[in-house]
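Student: Sharing a structure below in structure tokens format, with a few things to ask.
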Amino acid sequence: MMKIFSLALLCTLLANSFAAEDMQPLTLADARARALQKHPKISIAALKALVAKAGVREARAAYLPNLSLNAGAVGAEDDNTRIVGSGLTVSSVFDRASVGATITQLVTDFGRTSNLRAGAKLRAEAEGRNVEATRAQILLQVDAAYYGALQAQALLRVAEETVKTRQQLRGQVSALASNQLKSELDVSFAEVALEEGRLLAIRASNDIAAAFATLAALLGSQGAERFALTEGVEPGPLPSDATEVIAIALRNRPDLQRLRLERDSAARLARAENSLWYPTVSVQATAGVIPYRERGLNQDYAAAGIILNWPIFSGGAEFAKQDAAALRAKAAEAMLLDEENNAVRDTRIALLNASNARERVTITERLLAQARRSYALADARYKAGSSSFVELGQAQLNQISAELGHTGARYEYLLRRSLLDYQTGALR
């Protein structure tokens with residue numbers, strides 16, 4: 001069973017080494033660019049922005065003349081058809097066929113159309129900010145997947161080195177035991193340590209595959225791709241003034257900018273609904289020809305006039321629209337306030353976490369250096385016969401734990417910096 005397990009591990013590591021030759025190089029900048037180009041959420045946000053821009057053109061159309069063509073043909077049975085019952089007044093009915101055009105131009109509706117247009121324009125700008133917010137979310141996910149894959153690769157290197165070292169140690173202990181210089185218990189301890197190292201290597205190999213699957217999905221690929229990742233440039237020093245960082249976040253975050261625009265748009269729409277009670281003044285003109293007509297009718301016709309439309313009562317629909325618009329404006333204001341409070345909290349926490357992660361990198365680096373010195377001393381003592389294998393194994397375990405902790409702390413710091421950039425609106 002142990003030989004089968006070792007063979008499976010060897011095949012896995014060989015497959016990884018062969019696949020590494022076919023890996024395509026990928027930097028963090030390349031990964032970001034590919035994700036922004038291919039991720040469907042970016043396309044969805046961009047399409048919604050185009051829809052909002054079409055709404056601006058729709059609202060602006062009320063300022064332009066409305067031209068329509070009309071044609072009709074009427075056949076009356078006799079002259080008495082012009083008389084209808086029920087006391088309703090209708091136009092006289094004559095035999096005729098006519099073709100004409102009608103043009104209507106809005107003169108004023110006392111601000112309703114201008115507010116509708118302004119609200120639509122603000123909504124379109126809000127959707128534009130939503131595109132930027134979506135881009136920032138995708139970039140943060142790409143950074144997390146990229147750093148996760150780098151961390152998994154680093155852990156695999158640690159695991160492979162651990163397996164190599166423990167294989168050498170097992171060979172040395174086995175040779176000493178065969179010469180009656182070490183006990184079989186030491187050989188058993190060496191075997192256990194080696195198998196633990198192999199488990200660590202297999203787990204790290206699986207983590208790499210999972211990290212690459214996540215990264216490939218963000219890059220718009222449905223295949224199982226593997227990449228030759230490169231280490232990026234170390235970020236600069238962290239800002240020390242939390243107040244300044246929070247002010248930058250409130251000013252630059254695209255999701256907050258979107259909410260401010262949506263609040264202003266809702267306020268404009270509420271003003272537009274309040275104008276429902278005002279009259280609408282428009283100019284209308286119509287003209288046409290009557291090629292087929294009764295005697296006494298002219299061959300053509302034309303008319304123009306000013307139309308005043310003033311709503312008096314419509315069952316309370318205007319009141320309902322006004323109330324709904326006012327409530328939506330208040331809800332938008334409350335939502336903005338809530339998100340600003342969340343942004344202040346998240347930015348402060350992101351700065352604290354980034355500072356803590358940076359301190360952990362420094363501490364784990366010192367811890368790793370100490371663990372390596374301790375292992376070297378324990379190895380020398382064991383070879384000299386002045387210590388047990390348990391002491392050597394504990395020293396090696398401490399070194400591996402320190403290497404894993406330092407690797408995790410380093411990539412966690414990079415991810416925390418990306419998260420801080422996201423919170424402050426710098427990740428675009």
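In the structure tokens, chains take the letters A, B, ... in the order shown, each chain's residues start at 1, and ligands count up from 1 in the order shown.
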Go through segment 196-297 of chain A residue by residue and, counting only C-alpha atoms, keep those with an atom at most 8 Å from segment 123-144 of chain A; for each kept residue give the shortest atom pair and its distance in Å to one decimal, ordered by chain and increasing number, as a Markdown table.
Tutor:
| residue | atom | partner | partner_atom | distance |
| --- | --- | --- | --- | --- |
| A:Leu215 | CA | A:Val142 | CA | 6.6 |
| A:Leu218 | CA | A:Val142 | CA | 6.5 |
| A:Arg253 | CA | A:Ala133 | CA | 7.7 |
| A:Pro254 | CA | A:Ala133 | CA | 5.2 |
| A:Asp255 | CA | A:Ala133 | CA | 5.4 |
| A:Gln257 | CA | A:Arg129 | CA | 6.6 |
| A:Arg258 | CA | A:Ala126 | CA | 4.4 |
| A:Leu259 | CA | A:Ala126 | CA | 7.1 |
| A:Leu261 | CA | A:Ala126 | CA | 5.3 |
| A:Glu262 | CA | A:Arg123 | CA | 6.0 |
| A:Ser265 | CA | A:Arg123 | CA | 6.0 |
Student: Could those selected residues go to a file with N, CA and C atoms, as a compact mmCIF listing (two decimals), in the first residue's frame?
Tutor:
# COMPACT_ATOMS: atom_id res chain seq x y z
N LEU A 215 -9.25 30.92 -11.30
CA LEU A 215 -8.64 31.98 -12.11
C LEU A 215 -9.07 31.88 -13.57
N LEU A 218 -12.57 33.27 -14.06
CA LEU A 218 -12.59 34.73 -14.06
C LEU A 218 -12.06 35.31 -15.36
N ARG A 253 -15.00 56.00 -4.40
CA ARG A 253 -15.59 54.69 -4.67
C ARG A 253 -16.72 54.80 -5.69
N PRO A 254 -16.67 54.02 -6.78
CA PRO A 254 -17.70 54.16 -7.82
C PRO A 254 -19.09 53.71 -7.37
N ASP A 255 -19.17 52.77 -6.44
CA ASP A 255 -20.50 52.36 -5.99
C ASP A 255 -21.19 53.47 -5.20
N GLN A 257 -20.53 56.70 -5.71
CA GLN A 257 -20.87 57.69 -6.74
C GLN A 257 -22.17 57.30 -7.45
N ARG A 258 -22.33 56.01 -7.69
CA ARG A 258 -23.57 55.55 -8.34
C ARG A 258 -24.78 55.84 -7.46
N LEU A 259 -24.67 55.57 -6.18
CA LEU A 259 -25.79 55.82 -5.28
C LEU A 259 -26.11 57.31 -5.17
N LEU A 261 -25.72 59.52 -7.55
CA LEU A 261 -26.42 59.85 -8.80
C LEU A 261 -27.84 59.31 -8.79
N GLU A 262 -28.03 58.12 -8.25
CA GLU A 262 -29.38 57.57 -8.17
C GLU A 262 -30.25 58.38 -7.21
N SER A 265 -31.17 61.45 -9.12
CA SER A 265 -32.15 61.10 -10.15
C SER A 265 -33.54 60.92 -9.54
Student: Pick out the residues sitting within 10 Å of segment 400-405 of chain A, and hand them over as a PyMOL selection string; count only C-alpha atoms, and ignore anything fewer than 3 positions along from it in its own chain.
Tutor: chain A and resi 151+154-156+158-159+161-162+197+360-361+363-372+375+394-397+408-410
Student: Looking at only C-alpha atoms, which of A:Thr102, A:Ser275, A:Ser43, A:Thr165 is the one that sits closest to Trp310 of chain A?
Tutor: A:Ser275
Student: Please return as a PyMOL selection string: the residues of segment 80-190 of chain A that backbone DSSP assigns to helix (DSSP H, G or I).
Tutor: chain A and resi 80-82+112-178+184-190
Student: So, counting only C-alpha atoms, which residue among A:Leu336, A:Ala287, A:Ala46, A:Ala209 is closest to Ser98 of chain A?
Tutor: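 Residue with the minimum atom-to-atom distance to Ser98 of chain A: A:Ala287.
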Student: As a PyMOL selection string, which residues of segment 275-346 of chain A does DSSP assign to strand (DSSP E)?
Tutor: chain A and resi 280-293+300-309
Student: Find, counting only C-alpha atoms, the residue in A:Ile307, A:Leu297, A:Ala317, A:Ala331 that gets nearest to Arg96 of chain A.
Tutor: A:Leu297
Student: Tell me which protein, DNA and RNA residues are within 12 Å of Glu391 of chain A, counting only C-alpha atoms, leaving out same-chain ones fewer than 4 positions away, and put them as a VMD selection string.
Tutor: chain A and resid 186 189 374 to 383 385 to 387 395 to 398
Student: Write the residues of the preceding selection, restricted to C-alpha atoms, as a compact mmCIF listing (two decimals), in the first residue's frame.
Tutor:
# COMPACT_ATOMS: atom_id res chain seq x y z
CA ASP A 186 13.26 5.94 14.69
CA PHE A 189 8.94 7.88 13.07
CA SER A 374 16.66 25.30 15.35
CA TYR A 375 16.24 22.54 12.79
CA ALA A 376 19.89 22.76 11.74
CA LEU A 377 20.92 22.45 15.40
CA ALA A 378 18.52 19.55 16.05
CA ASP A 379 19.76 17.75 12.93
CA ALA A 380 23.35 18.10 14.05
CA ARG A 381 22.49 16.87 17.56
CA TYR A 382 20.61 13.88 16.17
CA LYS A 383 23.45 12.87 13.87
CA GLY A 385 23.58 10.90 18.83
CA SER A 386 22.87 13.45 21.55
CA SER A 387 19.14 13.83 20.85
CA ALA A 395 12.22 20.85 14.95
CA GLN A 396 11.42 19.91 11.37
CA LEU A 397 7.70 20.31 12.03
CA ASN A 398 8.33 23.76 13.48
Student: Given only C-alpha atoms as the basis, pick out the residue of A:Gly220, A:Ala285, A:Arg117, A:Thr27 nearest to Pro65 of chain A.
Tutor: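 Ranked by minimum distance to Pro65 of chain A, first place goes to A:Ala285.
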Student: Using only C-alpha atoms, which protein or nucleic acid residues come within 8 Å of Leu106 of chain A? Drop anything in the same chain fewer than 2 positions from it, and give the result as a PyMOL selection string.
Tutor: chain A and resi 62-65+104+108-109+280-283
Student: Please dump the current selection as a short mmCIF file (atom, residue, chain, number, x, y, z; two decimals), in the first residue's frame; keep N, CA and C atoms.
Tutor:
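Everything below was put into out.cif:
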data_model
loop_
_atom_site.label_atom_id
_atom_site.label_comp_id
_atom_site.auth_asym_id
_atom_site.auth_seq_id
_atom_site.Cartn_x
_atom_site.Cartn_y
_atom_site.Cartn_z
N ALA A 62 -39.46 64.46 -26.03
CA ALA A 62 -40.63 65.30 -25.80
C ALA A 62 -40.40 66.74 -26.23
N TYR A 63 -39.12 67.17 -26.31
CA TYR A 63 -38.83 68.52 -26.77
C TYR A 63 -38.98 68.68 -28.28
N LEU A 64 -38.94 67.59 -29.03
CA LEU A 64 -38.94 67.66 -30.48
C LEU A 64 -40.36 67.56 -31.03
N PRO A 65 -40.58 68.08 -32.24
CA PRO A 65 -41.93 67.99 -32.82
C PRO A 65 -42.36 66.54 -33.04
N THR A 104 -47.25 68.24 -33.91
CA THR A 104 -47.51 68.77 -32.56
C THR A 104 -46.18 69.14 -31.92
N THR A 108 -44.65 74.17 -23.41
CA THR A 108 -44.17 74.09 -22.03
C THR A 108 -45.07 73.15 -21.25
N ASP A 109 -44.46 72.45 -20.34
CA ASP A 109 -45.22 71.68 -19.35
C ASP A 109 -44.74 72.04 -17.95
N THR A 280 -50.31 71.64 -19.58
CA THR A 280 -49.42 71.41 -20.71
C THR A 280 -49.89 72.25 -21.88
N VAL A 281 -48.98 73.03 -22.44
CA VAL A 281 -49.31 73.89 -23.57
C VAL A 281 -48.54 73.40 -24.78
N SER A 282 -49.26 73.18 -25.88
CA SER A 282 -48.62 72.72 -27.11
C SER A 282 -49.29 73.37 -28.30
N VAL A 283 -48.59 73.38 -29.41
CA VAL A 283 -49.09 73.90 -30.68
C VAL A 283 -49.29 72.73 -31.62
#
Student: Between atom CA of Glu234 of chain A and atom CA of His39 of chain A, what distance in Å does the model show, to one decimal?
Tutor: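 Going from atom CA of Glu234 of chain A over to atom CA of His39 of chain A covers 26.7 Å.
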